[in-house]
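Student: I have a structure here, written as structure tokens, and I will follow up with some questions on it.
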Amino acid sequence: MRLKNVMVALTGILAVLWTGTLRAEQDASKPWITPGVLISRDTPPKRRVFIHLPGGFPQNFEIRISHHGGRTVKTLHITRNRPMVYLDIPCGTAGSVLDVALIGVDGRTLHRERVTAAPVRPWKVYLVPFTHIDIGFTQSQRKVLAQNVKNITLELDLIEHTRAFPAGTRFKLFTEVSWALDEYLGDPTILEANKKRLLNAVRRGFIEPGAFYISHQNKFMTPEAILTSMEPALRITDRCGVRLRTACIHDVMDFSGVVRPLHAAGVRYLMVGPNDSRYIVPPLFYLMGPSGSEKILVWHTTGLNGYGENFDLKMRLPQPFDESAFTEMEELLSRHLGGLETGYPTEELLKYYTYYGARWDYSLDAFLLPFYPTRGGDNQPQNDTPSVMARQWNRKWQSPRMIVATPAEFFEYAERRYGPRLPVLRGEMAGFWGEQIYLAMAQVDPRKTALQWAFDLNAFNSGAALVQRFLQEEASFNPSPLLWQGYRPLILNNDHNPRPVPFGKTNYDKRDVEEWMATRKGWINVMAAVGK
């Protein structure tokens, strides 16, 4: 996914230069001390304090931390140059002051610092496993579809595999979009028993379908097309007797025009995960359209690298977990949550973007963390790492608590507990000036665009004809199946990759390119035929 962001990275550099200079980095010549938000399950519980060491710091020294309960001492002999060490101290009272001293073997004070340890917030981290479905980036649609259909069976097996795990750590899946689910249920080669397993998992809440068919560029879609994009997911949830709750657009940088279609379909939640964090919005907020009273609850990723935030926090760990890698992940997650306690954007984000001085409090005790697959990249399946990680974490830490969940579980908790206090923003979340213009212009296909307008007009006319027949008490007809037949290629054609891109981890060969373009032409022809 990181390689995928070449274009984003280039324009990101321009944005940094444009919005202001980088904030001063931490003084690299001195240790850096951070009271963490991690509270252990020891009796009595302990709080972890992280100490970041500059290069060339002595390998032998002693940490002495004086605190409200006395003093905690730890002697260290570092066999290699470690950038970070830690010490667990008894949990203190609110606002307690820590006197931290690093003492060399000769008794000389290498560093002394007084740090205020703020009260610890009892955090809940909702890990949301998902597979990022990108129908045009890594290889041809035929191969991508085959992989994603295979993924569903593998991920259904994970639900069974983790059945005996503690509550809150059993595997769950957010499908991100509904394309693969729709194809899976319609595939005659897949056993009916597996289709029943899928529907049962949706019914029991272990799989939550994403509302949209794909992650599309809404800039090119009318409200009718956006609404129609939700038809397959609505069919699945209706069949299972559950509500369709969460839509998601990952990767692309255009989230315009979603409020009214989502609200009309009964979808109240939206996950927004662009490839970086330049939207000037808080992490969780109500979004209202430019007009009207409808609103939806939106989560906007808080990480530098967008929807794969577990990249930033180094949580994509192979099993069995290496102790030093697990400790590094603990420190990064602790620092990120601690940063949110002081407000958003965090200090880490402000090193790169100024956000024009915008600032929000983050008073929640919950955090949504989309969990990109540990192995592989786009279109690759999940494994049991989120569940194993949460189980091991919760055995060690009482706070934060890791919960393997679907996004709706996070949204419902946050709305129930904090709804009236959440900020409300009105308007549209349009794309960024740089890469959005590039992608938008590359996406434009004059023939497709003309047919799209014609098809949208026919869709409107069919609705008007239906109303006229109803008013005249004539036999009515249902245009929905025919409209979906035409809208489906329009939507699939609206994915954010107009053709094989010349960078990133793509696996296109010449045949794939020919197949890609032929598929697009075939979709356009279907749309044209249905439109007539």
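Naming works like this for the structure tokens: A, B, ... for the chains as they're shown, residue 1 at the start of each chain, ligands 1 onward in shown order.
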Give me the residues near range 243-245 of chain A as a list in words, where near means some atom within 10 Å (using only C-alpha atoms) and where sequence neighbours in that chain fewer than 3 positions away do not count.
Tutor: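 So the residues in contact are Arg203, Glu208, Pro209, Gly210, Ala211, Met230, Ala233, Leu234, Arg235, Ile236, Thr237, Asp238, Cys240, Leu262, Ala265, Gly266, Val267, Arg268, Tyr269, Leu270, Pro407, Ala408, Glu409, Phe411 and Glu412 of chain A.
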Student: Fewer than 2 positions away in the same chain doesn't count, so skip those; otherwise give me all residues within 9 Å of Tyr286 in chain A, counting only C-alpha atoms, as a PyMOL selection string.
Tutor: chain A and resi 284+288+295-299+419+422-426
Student: Pick the closest to Gly289 in chain A from A:Ser256, A:Thr327, A:Thr34, A:Asn194: which is it, counting only C-alpha atoms?
Tutor: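 Checking each candidate against Gly289 in chain A, we get A:Ser256 as the closest.
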Student: If we count only C-alpha atoms, what is near range 312-320 of chain A at a cut-off of 10 Å, once residues fewer than 4 positions away on the same chain are taken out, given as a list in words?
Tutor: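 Counting only C-alpha atoms, the residues come to Gly303, Leu304, Asn305, Gly306, Gly308, Ala325, Phe326, Glu328, Met329, Glu330, Glu331, Leu332, Leu333, Ser334, Arg335, His336, Phe371, Tyr372, Pro373, Thr374, Arg375, Asp384, Thr385, Pro386, Val388 and Met389 of chain A.
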Student: Which of range 112-346 of chain A end up as strand (DSSP E) when DSSP is run on this backbone - answer as a PyMOL selection string?
Tutor: chain A and resi 112-117+124-129+173-174+207-208+246-251+269-274+284-288+295-300
Student: Selection from above, C-alpha atoms, as an mmCIF file, in the first residue's frame, can you write it?
Tutor:
```cif
data_model
loop_
_atom_site.group_PDB
_atom_site.id
_atom_site.type_symbol
_atom_site.label_atom_id
_atom_site.label_comp_id
_atom_site.auth_asym_id
_atom_site.auth_seq_id
_atom_site.Cartn_x
_atom_site.Cartn_y
_atom_site.Cartn_z
ATOM 1 C CA ARG A 112 17.134 14.319 34.669
ATOM 2 C CA GLU A 113 13.620 15.441 33.845
ATOM 3 C CA ARG A 114 10.421 16.171 35.721
ATOM 4 C CA VAL A 115 7.334 14.934 33.886
ATOM 5 C CA THR A 116 3.650 15.399 34.696
ATOM 6 C CA ALA A 117 1.733 12.158 34.267
ATOM 7 C CA LYS A 124 -10.996 0.866 24.126
ATOM 8 C CA VAL A 125 -9.346 0.146 20.763
ATOM 9 C CA TYR A 126 -11.748 -1.321 18.211
ATOM 10 C CA LEU A 127 -9.717 -3.403 15.747
ATOM 11 C CA VAL A 128 -11.727 -3.720 12.523
ATOM 12 C CA PRO A 129 -10.264 -6.372 10.176
ATOM 13 C CA LEU A 173 -14.783 -8.943 9.251
ATOM 14 C CA PHE A 174 -15.874 -5.711 7.640
ATOM 15 C CA ILE A 207 -19.422 -10.126 9.079
ATOM 16 C CA GLU A 208 -20.636 -6.611 8.379
ATOM 17 C CA THR A 246 -21.836 1.279 7.536
ATOM 18 C CA ALA A 247 -20.534 2.567 4.215
ATOM 19 C CA CYS A 248 -16.849 2.915 3.445
ATOM 20 C CA ILE A 249 -14.674 4.657 0.898
ATOM 21 C CA HIS A 250 -11.020 3.742 1.221
ATOM 22 C CA ASP A 251 -8.076 4.962 -0.804
ATOM 23 C CA TYR A 269 -22.290 5.488 9.439
ATOM 24 C CA LEU A 270 -19.377 6.150 7.089
ATOM 25 C CA MET A 271 -15.703 5.202 7.313
ATOM 26 C CA VAL A 272 -13.430 7.571 5.404
ATOM 27 C CA GLY A 273 -9.922 6.330 4.707
ATOM 28 C CA PRO A 274 -8.021 8.331 2.099
ATOM 29 C CA LEU A 284 -15.377 11.502 14.506
ATOM 30 C CA PHE A 285 -18.103 13.925 13.519
ATOM 31 C CA TYR A 286 -21.580 14.280 12.086
ATOM 32 C CA LEU A 287 -21.592 15.310 8.425
ATOM 33 C CA MET A 288 -24.545 17.213 7.002
ATOM 34 C CA LYS A 295 -26.688 13.747 8.804
ATOM 35 C CA ILE A 296 -24.418 10.722 9.050
ATOM 36 C CA LEU A 297 -21.708 9.831 11.560
ATOM 37 C CA VAL A 298 -18.246 9.772 9.959
ATOM 38 C CA TRP A 299 -14.949 8.303 11.133
ATOM 39 C CA HIS A 300 -11.942 9.848 9.411
#
```
Student: Could you work out how far CA of Thr131 in chain A lies from CA of Asp378 in chain A, giving the answer in Å with one decimal?
Tutor: 7.1 Å
Student: Extract, using only C-alpha atoms, all DNA, RNA and protein residues at most 8 Å from range 146-148 of chain A, discarding same-chain residues fewer than 4 positions from it, and format them as a count of residues only.
Tutor: 7
Student: Go through range 183-423 of chain A and collect every residue that DSSP, computed from the backbone, puts in helix (DSSP H, G or I); the answer should be as a count of residues only.
Tutor: 99
Student: Under the rule that only C-alpha atoms are counted, which of A:Leu181, A:Ala430, A:Ala390, A:Met84 is the nearest residue to Phe255 in chain A?
Tutor: A:Ala430
Student: With distances taken over only C-alpha atoms, which residue among A:Ser215, A:Gln452, A:Asn383, A:Asn461 lies nearest Leu154 in chain A?
Tutor: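 Of A:Ser215, A:Gln452, A:Asn383, A:Asn461, the one nearest Leu154 in chain A is A:Asn383, counting only C-alpha atoms.
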Student: Which residues are near Tyr213 in chain A? Cut-off 12 Å, only C-alpha atoms, ignore same chain within fewer than 6 positions. Put them as number ranges by chain.
Tutor: A: 133-135, 175-183, 225-235, 247-249, 484, 487-495
